[in-house]
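model_33.cif, holding mmCIF, C-alpha atoms:
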data_work
loop_
_atom_site.label_atom_id
_atom_site.label_comp_id
_atom_site.auth_asym_id
_atom_site.auth_seq_id
_atom_site.Cartn_x
_atom_site.Cartn_y
_atom_site.Cartn_z
CA MET A 1 59.08 46.49 175.31
CA MET A 2 60.97 43.24 175.75
CA GLY A 3 61.61 42.98 172.02
CA THR A 4 62.99 46.50 171.99
CA ALA A 5 65.34 45.74 174.88
CA VAL A 6 66.69 42.67 173.13
CA SER A 7 67.24 44.59 169.92
CA THR A 8 69.09 47.39 171.69
CA THR A 9 71.31 44.97 173.57
CA SER A 10 72.23 43.15 170.37
CA LEU A 11 73.75 46.35 169.01
CA ARG A 12 76.04 46.84 171.99
CA LEU A 13 79.60 45.65 171.75
CA ASP A 14 81.06 43.66 174.61
CA ARG A 15 84.58 44.33 175.88
CA ASN A 16 86.13 41.60 173.75
CA GLN A 17 84.61 43.04 170.59
CA VAL A 18 85.72 46.59 171.40
CA PHE A 19 89.20 45.34 172.31
CA GLY A 20 89.28 43.36 169.07
CA ILE A 21 88.37 46.43 166.99
CA TRP A 22 91.10 48.51 168.65
CA LEU A 23 93.70 45.79 168.15
CA GLY A 24 92.58 45.46 164.54
CA ALA A 25 93.10 49.21 164.13
CA VAL A 26 96.67 48.90 165.47
CA GLY A 27 97.34 46.15 162.94
CA VAL A 28 95.85 48.25 160.15
CA VAL A 29 98.11 51.21 160.97
CA CYS A 30 101.12 48.89 160.77
CA PHE A 31 99.91 47.31 157.52
CA SER A 32 99.20 50.72 155.98
CA PHE A 33 102.97 51.25 155.52
CA THR A 34 103.34 47.93 153.66
CA LEU A 35 102.70 49.18 150.12
CA PRO A 36 105.01 52.22 150.30
CA ALA A 37 107.68 50.06 151.98
CA THR A 38 107.29 47.41 149.27
CA LYS A 39 107.51 50.10 146.59
CA PHE A 40 110.85 51.23 148.04
CA ALA A 41 112.04 47.61 148.21
CA VAL A 42 111.18 46.68 144.61
CA HIS A 43 113.20 49.68 143.43
CA GLU A 44 116.30 47.86 144.72
CA PHE A 45 115.41 44.15 144.66
CA HIS A 46 113.62 41.74 142.33
CA PRO A 47 109.91 41.46 143.29
CA VAL A 48 110.15 37.71 143.91
CA LEU A 49 113.13 38.30 146.18
CA VAL A 50 111.14 40.93 148.11
CA ALA A 51 108.12 38.62 148.44
CA ALA A 52 110.14 35.57 149.50
CA GLY A 53 112.91 37.37 151.34
CA ARG A 54 110.52 38.92 153.84
CA THR A 55 109.69 35.42 155.07
CA VAL A 56 113.37 34.45 155.22
CA LEU A 57 114.19 37.53 157.32
CA ALA A 58 111.18 36.97 159.60
CA PHE A 59 112.11 33.31 160.15
CA PRO A 60 114.52 33.90 163.11
CA LEU A 61 111.77 35.77 165.00
CA ALA A 62 109.20 33.06 164.37
CA ALA A 63 111.53 30.13 165.07
CA GLY A 64 112.91 31.81 168.17
CA PHE A 65 109.45 32.29 169.62
CA LEU A 66 108.44 28.68 168.97
CA LEU A 67 111.62 27.39 170.60
CA LEU A 68 111.25 29.62 173.67
CA ALA A 69 107.49 29.30 174.14
CA GLY A 70 107.09 25.70 173.02
CA GLY A 71 104.66 24.43 170.45
CA ALA A 72 107.20 24.15 167.64
CA LYS A 73 105.29 21.15 166.32
CA PRO A 74 101.63 21.98 165.57
CA PRO A 75 98.89 19.41 166.07
CA THR A 76 97.79 17.46 163.03
CA THR A 77 94.37 19.13 163.10
CA ALA A 78 96.02 22.52 162.48
CA LEU A 79 98.05 21.53 159.42
CA LYS A 80 95.30 22.29 156.90
CA LYS A 81 94.75 25.78 158.31
CA ILE A 82 98.51 26.41 158.36
CA ALA A 83 98.78 25.36 154.71
CA ILE A 84 96.03 27.82 153.74
CA LEU A 85 97.67 30.53 155.86
CA VAL A 86 101.00 29.94 154.09
CA PHE A 87 99.34 30.06 150.68
CA GLY A 88 97.42 33.24 151.49
CA ASN A 89 99.67 35.41 153.67
CA VAL A 90 103.18 34.00 153.23
CA VAL A 91 103.21 33.26 149.48
CA GLY A 92 100.23 34.77 147.67
CA PHE A 93 99.75 38.24 149.13
CA PRO A 94 103.45 39.26 149.29
CA LEU A 95 104.17 37.93 145.80
CA PHE A 96 101.18 39.56 144.09
CA THR A 97 101.62 42.91 145.84
CA ALA A 98 105.32 42.98 144.91
CA PHE A 99 104.50 42.50 141.22
CA ALA A 100 101.59 44.94 141.47
CA LEU A 101 104.01 47.63 142.64
CA VAL A 102 106.40 46.91 139.80
CA TYR A 103 103.64 47.77 137.29
CA GLY A 104 101.81 50.48 139.24
CA SER A 105 101.85 52.93 142.11
CA SER A 106 101.15 52.15 145.75
CA ALA A 107 98.22 54.60 145.63
CA ASN A 108 96.52 52.68 142.81
CA ALA A 109 97.17 49.36 144.55
CA ALA A 110 95.68 50.79 147.76
CA VAL A 111 92.46 51.59 145.90
CA ILE A 112 91.88 47.99 144.85
CA LEU A 113 92.99 46.69 148.23
CA GLY A 114 89.96 48.57 149.53
CA LEU A 115 88.08 45.40 148.58
CA MET A 116 89.95 43.44 151.27
CA PRO A 117 87.41 44.04 154.07
CA LEU A 118 84.50 42.72 152.00
CA ALA A 119 86.59 39.81 150.69
CA THR A 120 87.72 38.93 154.23
CA ALA A 121 84.12 39.00 155.46
CA VAL A 122 83.12 36.67 152.62
CA MET A 123 86.00 34.29 153.44
CA ALA A 124 85.02 34.35 157.12
CA SER A 125 81.45 33.48 156.17
CA PHE A 126 82.59 30.64 153.92
CA ARG A 127 85.49 29.25 155.96
CA GLY A 128 84.45 30.01 159.54
CA GLY A 129 80.67 29.97 159.37
CA GLU A 130 80.21 33.58 160.50
CA GLN A 131 76.84 34.95 159.40
CA PRO A 132 76.74 38.75 159.83
CA SER A 133 73.45 40.63 159.75
CA ARG A 134 72.00 42.38 156.71
CA ALA A 135 72.95 45.72 158.24
CA PHE A 136 76.56 44.57 158.40
CA TRP A 137 76.58 43.45 154.77
CA ALA A 138 75.00 46.74 153.73
CA CYS A 139 77.81 48.69 155.43
CA ALA A 140 80.51 46.36 154.09
CA VAL A 141 79.23 46.58 150.51
CA GLY A 142 78.69 50.32 150.89
CA GLY A 143 82.27 50.85 152.00
CA ALA A 144 83.59 48.72 149.14
CA LEU A 145 81.44 50.62 146.62
CA ALA A 146 82.71 53.95 147.99
CA VAL A 147 86.29 52.77 147.46
CA MET A 148 85.64 51.47 143.95
CA THR A 149 83.68 54.59 142.95
CA PHE A 150 86.67 56.65 143.98
CA SER A 151 88.86 54.35 141.88
CA VAL A 152 86.70 54.83 138.78
CA ALA A 153 86.51 58.60 139.30
CA ARG A 154 90.28 58.74 139.65
CA ASN A 155 91.41 56.34 136.91
CA GLY A 156 88.47 56.29 134.50
CA LEU A 157 86.80 53.28 132.89
CA GLN A 158 89.77 51.42 131.47
CA LEU A 159 90.73 47.79 131.02
CA PRO A 160 92.50 46.42 134.09
CA ALA A 161 96.22 47.08 133.98
CA PRO A 162 98.66 44.29 134.95
CA GLY A 163 99.21 45.97 138.30
CA ASP A 164 95.46 45.94 138.98
CA VAL A 165 95.22 42.23 138.14
CA PHE A 166 98.07 41.38 140.51
CA THR A 167 96.48 43.51 143.24
CA LEU A 168 93.15 41.72 142.81
CA LEU A 169 94.93 38.38 143.20
CA ALA A 170 96.53 39.79 146.36
CA VAL A 171 93.04 40.64 147.67
CA ILE A 172 91.81 37.08 147.13
CA THR A 173 94.80 35.31 148.66
CA GLY A 174 95.28 37.82 151.48
CA SER A 175 91.66 37.71 152.63
CA LEU A 176 91.74 33.90 152.66
CA GLY A 177 94.89 33.99 154.79
CA TYR A 178 93.35 36.52 157.20
CA ALA A 179 90.26 34.39 157.78
CA GLU A 180 92.32 31.23 158.32
CA GLY A 181 94.79 33.04 160.57
CA ALA A 182 91.95 34.20 162.80
CA ALA A 183 90.70 30.62 163.11
CA LEU A 184 94.19 29.42 164.10
CA THR A 185 94.53 32.28 166.60
CA ARG A 186 91.31 31.33 168.38
CA GLU A 187 92.64 27.81 168.85
CA HIS A 188 96.39 28.27 169.37
CA GLY A 189 97.17 31.95 169.98
CA ALA A 190 98.28 34.75 167.67
CA ILE A 191 102.08 34.57 167.82
CA ARG A 192 102.17 30.78 167.60
CA SER A 193 99.87 30.79 164.57
CA ILE A 194 101.90 33.45 162.76
CA SER A 195 105.14 31.68 163.60
CA TRP A 196 103.88 28.37 162.20
CA GLY A 197 102.96 30.10 158.96
CA ILE A 198 106.43 31.61 158.58
CA VAL A 199 108.31 28.46 159.59
CA PHE A 200 106.29 26.22 157.27
CA GLY A 201 106.60 28.77 154.47
CA MET A 202 110.37 29.08 154.91
CA PRO A 203 111.37 26.21 152.54
CA ILE A 204 109.27 27.73 149.74
CA ALA A 205 110.60 31.23 150.40
CA LEU A 206 114.26 30.17 150.63
CA THR A 207 114.00 28.15 147.41
CA ALA A 208 112.42 31.12 145.64
CA CYS A 209 115.21 33.43 146.84
CA ILE A 210 117.96 31.07 145.67
CA VAL A 211 116.39 30.41 142.26
CA THR A 212 115.67 34.10 141.68
CA SER A 213 119.24 35.07 142.56
CA LEU A 214 120.68 32.42 140.22
CA VAL A 215 118.37 33.27 137.31
CA THR A 216 118.47 37.07 137.46
CA HIS A 217 122.18 37.47 138.32
CA GLN A 218 121.22 40.77 139.95
CA GLN A 219 124.04 42.64 141.67
CA TYR A 220 123.45 44.43 144.98
CA GLY A 221 126.66 46.42 145.35
CA SER A 222 125.00 49.73 146.20
CA ILE A 223 121.58 49.58 147.85
CA ALA A 224 119.66 52.72 148.78
CA VAL A 225 118.81 53.14 152.44
CA SER A 226 115.12 53.54 151.53
CA GLY A 227 115.11 50.19 149.72
CA ALA A 228 116.83 48.35 152.58
CA THR A 229 114.54 49.98 155.15
CA GLY A 230 111.45 49.09 153.14
CA PHE A 231 112.64 45.49 152.84
CA LEU A 232 113.24 45.23 156.58
CA TYR A 233 109.84 46.77 157.35
CA VAL A 234 107.84 44.31 155.26
CA ALA A 235 109.92 41.44 156.67
CA LEU A 236 109.78 42.24 160.36
CA VAL A 237 106.57 44.27 160.73
CA SER A 238 104.28 43.37 157.81
CA SER A 239 105.16 39.66 157.91
CA PHE A 240 105.28 39.11 161.67
CA LEU A 241 104.83 41.87 164.27
CA ALA A 242 101.73 43.50 162.73
CA PHE A 243 99.94 40.14 162.60
CA ILE A 244 100.02 39.86 166.39
CA PRO A 245 97.44 42.61 167.13
CA TRP A 246 95.65 41.93 163.85
CA ASN A 247 95.02 38.21 164.40
CA ILE A 248 94.08 38.73 168.06
CA GLY A 249 91.68 41.47 166.98
CA LEU A 250 90.05 39.25 164.35
CA ALA A 251 89.69 36.41 166.84
CA LYS A 252 88.22 38.55 169.64
CA GLY A 253 86.06 40.94 167.66
CA GLY A 254 84.95 38.60 164.89
CA VAL A 255 86.60 38.34 161.48
CA ALA A 256 83.73 39.96 159.59
CA ARG A 257 83.39 42.96 161.92
CA VAL A 258 87.06 43.75 162.58
CA SER A 259 87.99 43.24 158.92
CA GLN A 260 86.01 46.39 158.08
CA VAL A 261 88.66 48.46 159.85
CA GLN A 262 90.80 47.62 156.80
CA LEU A 263 88.79 50.22 154.87
CA LEU A 264 90.88 52.80 156.73
CA GLN A 265 94.10 51.11 155.63
CA ARG A 266 93.69 52.22 152.05
CA LEU A 267 93.23 55.85 153.10
CA LEU A 268 96.23 55.74 155.42
CA THR A 269 98.30 54.21 152.62
CA LEU A 270 97.37 57.11 150.35
CA ILE A 271 98.65 59.52 152.99
CA TRP A 272 101.95 57.63 153.39
CA ALA A 273 102.28 57.38 149.59
CA ALA A 274 102.00 61.17 149.35
CA LEU A 275 104.38 61.86 152.24
CA LEU A 276 106.99 59.19 151.52
CA LEU A 277 106.78 58.65 147.75
CA GLY A 278 105.50 62.03 146.58
CA GLU A 279 102.38 60.53 145.01
CA ARG A 280 99.53 63.01 144.62
CA ILE A 281 96.25 62.64 146.55
CA SER A 282 93.17 64.43 145.25
CA ALA A 283 90.68 66.30 147.42
CA TRP A 284 88.21 63.45 146.82
CA ALA A 285 90.30 61.25 149.11
CA ALA A 286 89.26 63.38 152.08
CA VAL A 287 85.58 63.09 151.14
CA VAL A 288 85.81 59.32 150.63
CA SER A 289 87.66 58.98 153.93
CA LEU A 290 84.70 60.49 155.79
CA ILE A 291 82.25 58.23 153.96
CA VAL A 292 84.38 55.17 154.71
CA LEU A 293 84.59 56.14 158.37
CA LEU A 294 80.79 56.13 158.54
CA PHE A 295 80.59 52.69 156.95
CA VAL A 296 83.27 51.32 159.31
CA PHE A 297 81.34 52.68 162.28
CA GLY A 298 78.10 51.18 160.95
CA ALA A 299 79.68 47.77 160.35
CA ALA A 300 81.17 47.78 163.85
CA ARG A 301 77.80 48.60 165.42
CA ALA A 302 75.83 46.07 163.38
CA LYS A 303 74.38 42.98 165.04
CA PRO A 304 77.17 40.57 166.03
CA PRO A 305 77.77 37.74 163.54
CA ARG A 306 76.46 34.28 164.34
CA THR A 307 78.60 31.18 163.93
CA GLU A 308 76.63 28.14 162.83
CA ARG A 309 79.48 25.74 162.28
CA ALA A 310 83.03 25.29 163.43
CA ASP A 311 85.96 26.38 161.30
CA ARG A 312 86.60 23.89 158.61
#

Would you encode the structure as structure tokens?
Amino acid sequence: MMGTAVSTTSLRLDRNQVFGIWLGAVGVVCFSFTLPATKFAVHEFHPVLVAAGRTVLAFPLAAGFLLLAGGAKPPTTALKKIAILVFGNVVGFPLFTAFALVYGSSANAAVILGLMPLATAVMASFRGGEQPSRAFWACAVGGALAVMTFSVARNGLQLPAPGDVFTLLAVITGSLGYAEGAALTREHGAIRSISWGIVFGMPIALTACIVTSLVTHQQYGSIAVSGATGFLYVALVSSFLAFIPWNIGLAKGGVARVSQVQLLQRLLTLIWAALLLGERISAWAAVVSLIVLLFVFGAARAKPPRTERADR
């Protein structure tokens, strides 16, 4: 009887975990517009300029917060995590997704980005010491397999296209940045952690913008409203505002658990791609969405992850 009681209690989510999942869902909804917005932006601007320019445009928000709230200078112990965050979320993910959308559609990129939840859980296990249960891993792998099965059924067994390779690189760098951002958030708060990443990434981004403009000699006399709006969205929302609920959610609910909510991001992106870009969605997307929902629910209800060591 006692063993049963303990087992049942372990499956219950405390308020922090539930709050974390809901905040993660808010972040996912915001992030789900990122690929369509980036697709609009790369129609008007060079992909490197889109990737780097989003950080340049987000810089005033980040710097302003640090000046008003204090903490402009991070402690020495946080510098390694900030460097990894910059590499993953400020440089790697924006750059690779921008090039992925030059060579492919946002719908195809969204399919491969369905691996992000599993990759983030792996990064959290490696970087932060989280050790989810077998039930969690079963749900995480199941959700990833559902996404990849849909990809194969939709695109066939073909050699990876350049866009797919860039998207896979975005998965690796983005998941690393997510895991490190959650660790920083637990120690220093969400907005401060995000702001440090943008401020420290600013010199790299500004240099990339200047060099790209000089090399490409691209003229921007007439820019479509959709391209400018997409650029502003990825700069202000995808690069800064969306990370506030997302990082808090990861920190409160556990990186491994909350990251599974990302499985819904791919499905939402497909919807926005159809509505905003006119990309076609097959009936299988609805079926996969139901399957993914079940796996997300299962991962959220799995035994809470254990942490055996501090974040490195």

Tell me which protein, DNA and RNA residues are within 9 Å of Ser238 (chain A), counting all atoms listed in the file, leaving out same-chain ones fewer than 6 positions away, and put them as a short mmCIF file (atom, residue, chain, number, x, y, z; two decimals) with C-alpha atoms, in the coordinates of the input.
data_model
loop_
_atom_site.label_atom_id
_atom_site.label_comp_id
_atom_site.auth_asym_id
_atom_site.auth_seq_id
_atom_site.Cartn_x
_atom_site.Cartn_y
_atom_site.Cartn_z
CA CYS A 30 101.12 48.89 160.77
CA PHE A 31 99.91 47.31 157.52
CA PHE A 33 102.97 51.25 155.52
CA THR A 34 103.34 47.93 153.66
CA ARG A 54 110.52 38.92 153.84
#

Would you compute the distance between CA of His217 (chain A) and CA of Gly92 (chain A)? Give it in Å to one decimal.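 Separating CA of His217 (chain A) from CA of Gly92 (chain A) is a distance of 24.0 Å.
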
Distance cut-off 10 Å, centre (115.0, 30.0, 151.0) in file coordinates, counting only C-alpha atoms: which residues qualify? Return them as a PyMOL selection string. chain A and resi 49+52-53+55-57+201-211

Could the residues in this selection be written to a file with C-alpha atoms, as a short mmCIF file (atom, residue, chain, number, x, y, z; two decimals), keeping the file's coordinate frame?
data_model
loop_
_atom_site.label_atom_id
_atom_site.label_comp_id
_atom_site.auth_asym_id
_atom_site.auth_seq_id
_atom_site.Cartn_x
_atom_site.Cartn_y
_atom_site.Cartn_z
CA LEU A 49 113.13 38.30 146.18
CA ALA A 52 110.14 35.57 149.50
CA GLY A 53 112.91 37.37 151.34
CA THR A 55 109.69 35.42 155.07
CA VAL A 56 113.37 34.45 155.22
CA LEU A 57 114.19 37.53 157.32
CA GLY A 201 106.60 28.77 154.47
CA MET A 202 110.37 29.08 154.91
CA PRO A 203 111.37 26.21 152.54
CA ILE A 204 109.27 27.73 149.74
CA ALA A 205 110.60 31.23 150.40
CA LEU A 206 114.26 30.17 150.63
CA THR A 207 114.00 28.15 147.41
CA ALA A 208 112.42 31.12 145.64
CA CYS A 209 115.21 33.43 146.84
CA ILE A 210 117.96 31.07 145.67
CA VAL A 211 116.39 30.41 142.26
#

Expressed in Å to a single decimal, how great is the separation between CA of Val255 (chain A) and CA of Asn16 (chain A)?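 Spanning CA of Val255 (chain A) to CA of Asn16 (chain A) is a straight-line distance of 12.7 Å.
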
When you draw a straight line from CA of Phe93 (chain A) to CA of Leu294 (chain A), how long is it in Å? 27.7 Å

Find the spatial neighbours of region 167-173 of chain A, counting all atoms listed in the file, within a cut-off of 8 Å - ignore same-chain residues fewer than 6 positions away - and output them as JSON, numbers by chain. {"A": [87, 88, 89, 92, 93, 94, 95, 96, 97, 100, 109, 112, 113, 115, 116, 119]}

Given the choices A:Leu267, A:Val165, A:Val141, A:Val199, which gets closest to Leu67 (chain A) if the distance is worked out from all atoms listed in the file? A:Val199

Could you give me, as a list of chain:residue names, the residues within 9 Å of Leu61 (chain A), counting all atoms listed in the file and dropping anything in the same chain fewer than 3 positions from it?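 In the requested format, the answer is A:Leu57, A:Ala58, A:Gly64, A:Phe65, A:Leu66, A:Ser195, A:Leu236, A:Phe240.
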
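In terms of minimum interatomic distance to Asn247 (chain A), A:Ser193 ranks closest within A:Thr76, A:Thr38, A:Gln265, A:Ser193, counting all atoms listed in the file.
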
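Considering only C-alpha atoms, the residue among A:Phe231, A:Phe200, A:Phe243, A:Trp272 positioned nearest to Leu79 (chain A) is A:Phe200.
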
Using 3 Å of padding on each side, determine the axis-aligned box around all atoms of region 105-116 of chain A present in the file and give its centre and edge lengths in Å to one decimal, as AutoDock Vina command-line options.
--center_x 95.0 --center_y 49.0 --center_z 146.7 --size_x 19.8 --size_y 17.2 --size_z 15.2

Nearest residue to Trp246 (chain A) out of A:Val48, A:Val91, A:Arg266, A:Thr185, using only C-alpha atoms?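 Answer, going by the shortest atom-to-atom distance: A:Thr185.
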
Residue nearest Gly249 (chain A) - candidates A:Val261, A:Ile21, A:Ala37, A:Val28, atoms counted: all atoms listed in the file: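 Using all atoms listed in the file, Gly249 (chain A) sits closest to A:Ile21.
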
Run the PyMOL selection byres ((chain A and resi 189) around 12) against the file shown and list the residues it catches, as a PyMOL selection string. chain A and resi 66+69+71+74+181-188+190-196+243-252

Would you write out those residues with C-alpha atoms, as a PDB file, in the frame of the given file?
ATOM      1  CA  LEU A  66     108.440  28.680 168.970  1.00  0.00           C
ATOM      2  CA  ALA A  69     107.490  29.300 174.140  1.00  0.00           C
ATOM      3  CA  GLY A  71     104.660  24.430 170.450  1.00  0.00           C
ATOM      4  CA  PRO A  74     101.630  21.980 165.570  1.00  0.00           C
ATOM      5  CA  GLY A 181      94.790  33.040 160.570  1.00  0.00           C
ATOM      6  CA  ALA A 182      91.950  34.200 162.800  1.00  0.00           C
ATOM      7  CA  ALA A 183      90.700  30.620 163.110  1.00  0.00           C
ATOM      8  CA  LEU A 184      94.190  29.420 164.100  1.00  0.00           C
ATOM      9  CA  THR A 185      94.530  32.280 166.600  1.00  0.00           C
ATOM     10  CA  ARG A 186      91.310  31.330 168.380  1.00  0.00           C
ATOM     11  CA  GLU A 187      92.640  27.810 168.850  1.00  0.00           C
ATOM     12  CA  HIS A 188      96.390  28.270 169.370  1.00  0.00           C
ATOM     13  CA  ALA A 190      98.280  34.750 167.670  1.00  0.00           C
ATOM     14  CA  ILE A 191     102.080  34.570 167.820  1.00  0.00           C
ATOM     15  CA  ARG A 192     102.170  30.780 167.600  1.00  0.00           C
ATOM     16  CA  SER A 193      99.870  30.790 164.570  1.00  0.00           C
ATOM     17  CA  ILE A 194     101.900  33.450 162.760  1.00  0.00           C
ATOM     18  CA  SER A 195     105.140  31.680 163.600  1.00  0.00           C
ATOM     19  CA  TRP A 196     103.880  28.370 162.200  1.00  0.00           C
ATOM     20  CA  PHE A 243      99.940  40.140 162.600  1.00  0.00           C
ATOM     21  CA  ILE A 244     100.020  39.860 166.390  1.00  0.00           C
ATOM     22  CA  PRO A 245      97.440  42.610 167.130  1.00  0.00           C
ATOM     23  CA  TRP A 246      95.650  41.930 163.850  1.00  0.00           C
ATOM     24  CA  ASN A 247      95.020  38.210 164.400  1.00  0.00           C
ATOM     25  CA  ILE A 248      94.080  38.730 168.060  1.00  0.00           C
ATOM     26  CA  GLY A 249      91.680  41.470 166.980  1.00  0.00           C
ATOM     27  CA  LEU A 250      90.050  39.250 164.350  1.00  0.00           C
ATOM     28  CA  ALA A 251      89.690  36.410 166.840  1.00  0.00           C
ATOM     29  CA  LYS A 252      88.220  38.550 169.640  1.00  0.00           C
TER      30      LYS A 252
END
